[in-house]
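Enquirer: Please find one structure pasted underneath; my questions will follow.
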Amino acid sequence: MIIVKTIIDLSHDLIKENITKQDVVLDLTVGNGNDTLFLVKIAKFVYGFDIQTAAINQAKLKLVNYDNYRLINTSHEYFLDYINKDFKAAIFNLGYLPGGNKLITTMAGSTLLTLKLVLENIKVTGICVLVVYPGHYEGKRESQALLNYSAKLDQLKYQVIKYEFINQINNPPYLLAIRRLQ
Ligand SMILES: C[S@@+](CC[C@H](N)C(=O)[O-])C[C@H]1O[C@@H](n2cnc3c(N)ncnc32)[C@H](O)[C@@H]1O
């Protein structure tokens, strides 16, 4: 059977291929908890971050059958205050909460700062995936900042891949995947 995959499915595939049940992972934008739910099933432990209390509460409802996670109601650039530096994968699903306040969205400055901390601290061979939404104002700024930054990463230290649906209209979301090599 052929399964047509969304950009989110592709981001999940990349994480799944790169971790085992022994690994700790980070969900840096918990939102409604769909990514967190996917991660708790395949990882040893998930740390999730979101600035919206409503999002954290919504996500907890999805996670009632699991206990291998901690959700933290703070901005993701503070993630190192809450974890040991032994994580193997991280996911950012950027932008605003679907169905929520569109003004509460990830911002280029804090996303970039957090990404840098993730890449400095993730385990060697670990992977960070970002689903990027350039179709709205803040998202476009964020997308440009992420592309500028990641395209200049030292190729001996990081491998950067961009996956995009090049025939879709209206600035569709795309995926950045960054693997730490050394
Ligand atoms: C597209 S939604 C995430 C979707 C989610 N991963 C899911 O599976 O439902 C983006 C989320 O990022 C959160 N967010 C925005 N800025 C943030 C920040 N600085 N730190 C952590 N979360 C942030 C928003 O509150 C929103 O819930």
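Simple scheme: letters A, B, ... for chains in structure tokens order, numbers from 1 for residues in each chain, numbers from 1 for ligands in the order shown.
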Within 7 Å of ligand 1, counting only C-alpha atoms and all ligand atoms, which protein or nucleic acid residues do you find, written as a PyMOL selection string?
Expert: chain A and resi 28-36+49-52+55+74-77+93-98+104-107+110-111
Enquirer: Considering only C-alpha atoms, return as a PyMOL selection string whatever protein or nucleic-acid residues lie within 10 Å of A:Gln182, sequence-local ones (same chain, fewer than 5 positions apart) excluded.
Expert: chain A and resi 123-126+156-158
Enquirer: Report as number ranges by chain: the residues of stretch 53-114 of chain A with a DSSP assignment of strand (DSSP E), based on the backbone of this structure.
Expert: A: 69-72, 87-93
Enquirer: Using N, CA and C atoms, can you write the selected residues to a file as a PDB file, in the first residue's frame?
Expert:
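Ended up saving to result.pdb:
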ATOM      1  N   TYR A  69       7.484  11.094  30.395  1.00  0.00           N
ATOM      2  CA  TYR A  69       7.626  12.434  29.836  1.00  0.00           C
ATOM      3  C   TYR A  69       7.549  13.469  30.949  1.00  0.00           C
ATOM      4  N   ARG A  70       8.058  14.662  30.637  1.00  0.00           N
ATOM      5  CA  ARG A  70       7.849  15.813  31.513  1.00  0.00           C
ATOM      6  C   ARG A  70       7.549  17.012  30.613  1.00  0.00           C
ATOM      7  N   LEU A  71       6.456  17.687  30.871  1.00  0.00           N
ATOM      8  CA  LEU A  71       6.102  18.883  30.087  1.00  0.00           C
ATOM      9  C   LEU A  71       6.420  20.122  30.912  1.00  0.00           C
ATOM     10  N   ILE A  72       7.099  21.064  30.307  1.00  0.00           N
ATOM     11  CA  ILE A  72       7.566  22.240  31.035  1.00  0.00           C
ATOM     12  C   ILE A  72       7.025  23.495  30.359  1.00  0.00           C
ATOM     13  N   PHE A  87      20.566  13.894  25.310  1.00  0.00           N
ATOM     14  CA  PHE A  87      19.460  13.659  24.371  1.00  0.00           C
ATOM     15  C   PHE A  87      19.977  13.339  22.971  1.00  0.00           C
ATOM     16  N   LYS A  88      19.208  12.487  22.262  1.00  0.00           N
ATOM     17  CA  LYS A  88      19.656  11.969  20.969  1.00  0.00           C
ATOM     18  C   LYS A  88      18.901  12.606  19.804  1.00  0.00           C
ATOM     19  N   ALA A  89      17.743  13.209  20.100  1.00  0.00           N
ATOM     20  CA  ALA A  89      16.954  13.828  19.021  1.00  0.00           C
ATOM     21  C   ALA A  89      16.138  14.973  19.597  1.00  0.00           C
ATOM     22  N   ALA A  90      15.766  15.887  18.698  1.00  0.00           N
ATOM     23  CA  ALA A  90      14.936  17.020  19.107  1.00  0.00           C
ATOM     24  C   ALA A  90      14.044  17.401  17.932  1.00  0.00           C
ATOM     25  N   ILE A  91      12.839  17.868  18.263  1.00  0.00           N
ATOM     26  CA  ILE A  91      11.927  18.318  17.209  1.00  0.00           C
ATOM     27  C   ILE A  91      11.380  19.705  17.542  1.00  0.00           C
ATOM     28  N   PHE A  92      11.350  20.542  16.523  1.00  0.00           N
ATOM     29  CA  PHE A  92      10.644  21.824  16.586  1.00  0.00           C
ATOM     30  C   PHE A  92       9.552  21.749  15.516  1.00  0.00           C
ATOM     31  N   ASN A  93       8.308  21.969  15.918  1.00  0.00           N
ATOM     32  CA  ASN A  93       7.231  22.123  14.943  1.00  0.00           C
ATOM     33  C   ASN A  93       6.813  23.582  15.116  1.00  0.00           C
TER      34      ASN A  93
END
Enquirer: Work out how far apart atom CA of A:Asp67 and atom CA of A:Leu130 are and give it in Å to one decimal.
Expert: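 That distance, rounded to one decimal, is 25.1 Å.
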Enquirer: Looking at A:Lys140, A:Ala177, A:Tyr82, A:Val25, which one is nearest to A:Tyr163, with distances taken over only C-alpha atoms?
Expert: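 That would be A:Ala177, the residue with the smallest distance to A:Tyr163.
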Enquirer: With only C-alpha atoms as the counted atoms, please give the residues lying no more than 10 Å from A:Thr6, apart from itself and same-chain residues fewer than 4 positions off, as a PDB file with C-alpha atoms, in the first residue's frame.
Expert:
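In the end it all went to out_7.pdb:
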ATOM      1  CA  LEU A  10       8.485  12.771   7.318  1.00  0.00           C
ATOM      2  CA  SER A  11       9.773  14.538  10.433  1.00  0.00           C
ATOM      3  CA  HIS A  12       8.568  11.599  12.534  1.00  0.00           C
ATOM      4  CA  PHE A 165       7.481  19.855  -1.674  1.00  0.00           C
ATOM      5  CA  PRO A 173       5.987  24.040   5.255  1.00  0.00           C
ATOM      6  CA  TYR A 174       9.323  22.323   4.795  1.00  0.00           C
TER       7      TYR A 174
END
Enquirer: I'd like to know which of A:Lys102, A:Arg179, A:Lys162, A:Lys116 is closest to A:Glu138, using only C-alpha atoms.
Expert: A:Lys102
Enquirer: Please, what distance in Å, to one decimal, runs between atom CA of A:Ile127 and atom CA of A:Ile178?
Expert: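 Computing it gives 5.6 Å between the two atoms.
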Enquirer: Just want the 7 Å neighbourhood of A:Gly135, counted on only C-alpha atoms, with same-chain residues fewer than 5 positions away dropped. Output as a list in words.
Expert: Lys140, Asn170, Asn171 and Pro172 of chain A
Enquirer: From the options A:Val131, A:Val24, A:His136, A:Ala54, which residue's atoms come nearest to A:Lys85, counting only C-alpha atoms?
Expert: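 Closest residue, counting only C-alpha atoms: A:Val24.
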Enquirer: From the DSSP assignment of the backbone, select every residue of chain A that is helix (DSSP H, G or I), and format the answer as a ChimeraX atom specification.
Expert: /A:7-18,34-42,53-62,76-81,108-121,137-151
Enquirer: For the atom pair atom CA of A:Thr53 and atom CA of A:Leu117, what is the interatomic distance in Å to one decimal place?
Expert: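 A separation of 23.6 Å between them.
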Enquirer: Could you tell me which of A:Leu103, A:Val160, A:Leu14, A:Ile83 comes closest to A:Phe45 if we count only C-alpha atoms?
Expert: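 Result for the nearest residue to A:Phe45: A:Ile83.
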Enquirer: Determine the nearest neighbour of A:Ala43 from the options A:Lys62, A:Ile161, A:Ile56, A:Asp23, counting only C-alpha atoms.
Expert: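 Counting only C-alpha atoms, the residue closest to A:Ala43 is A:Asp23.
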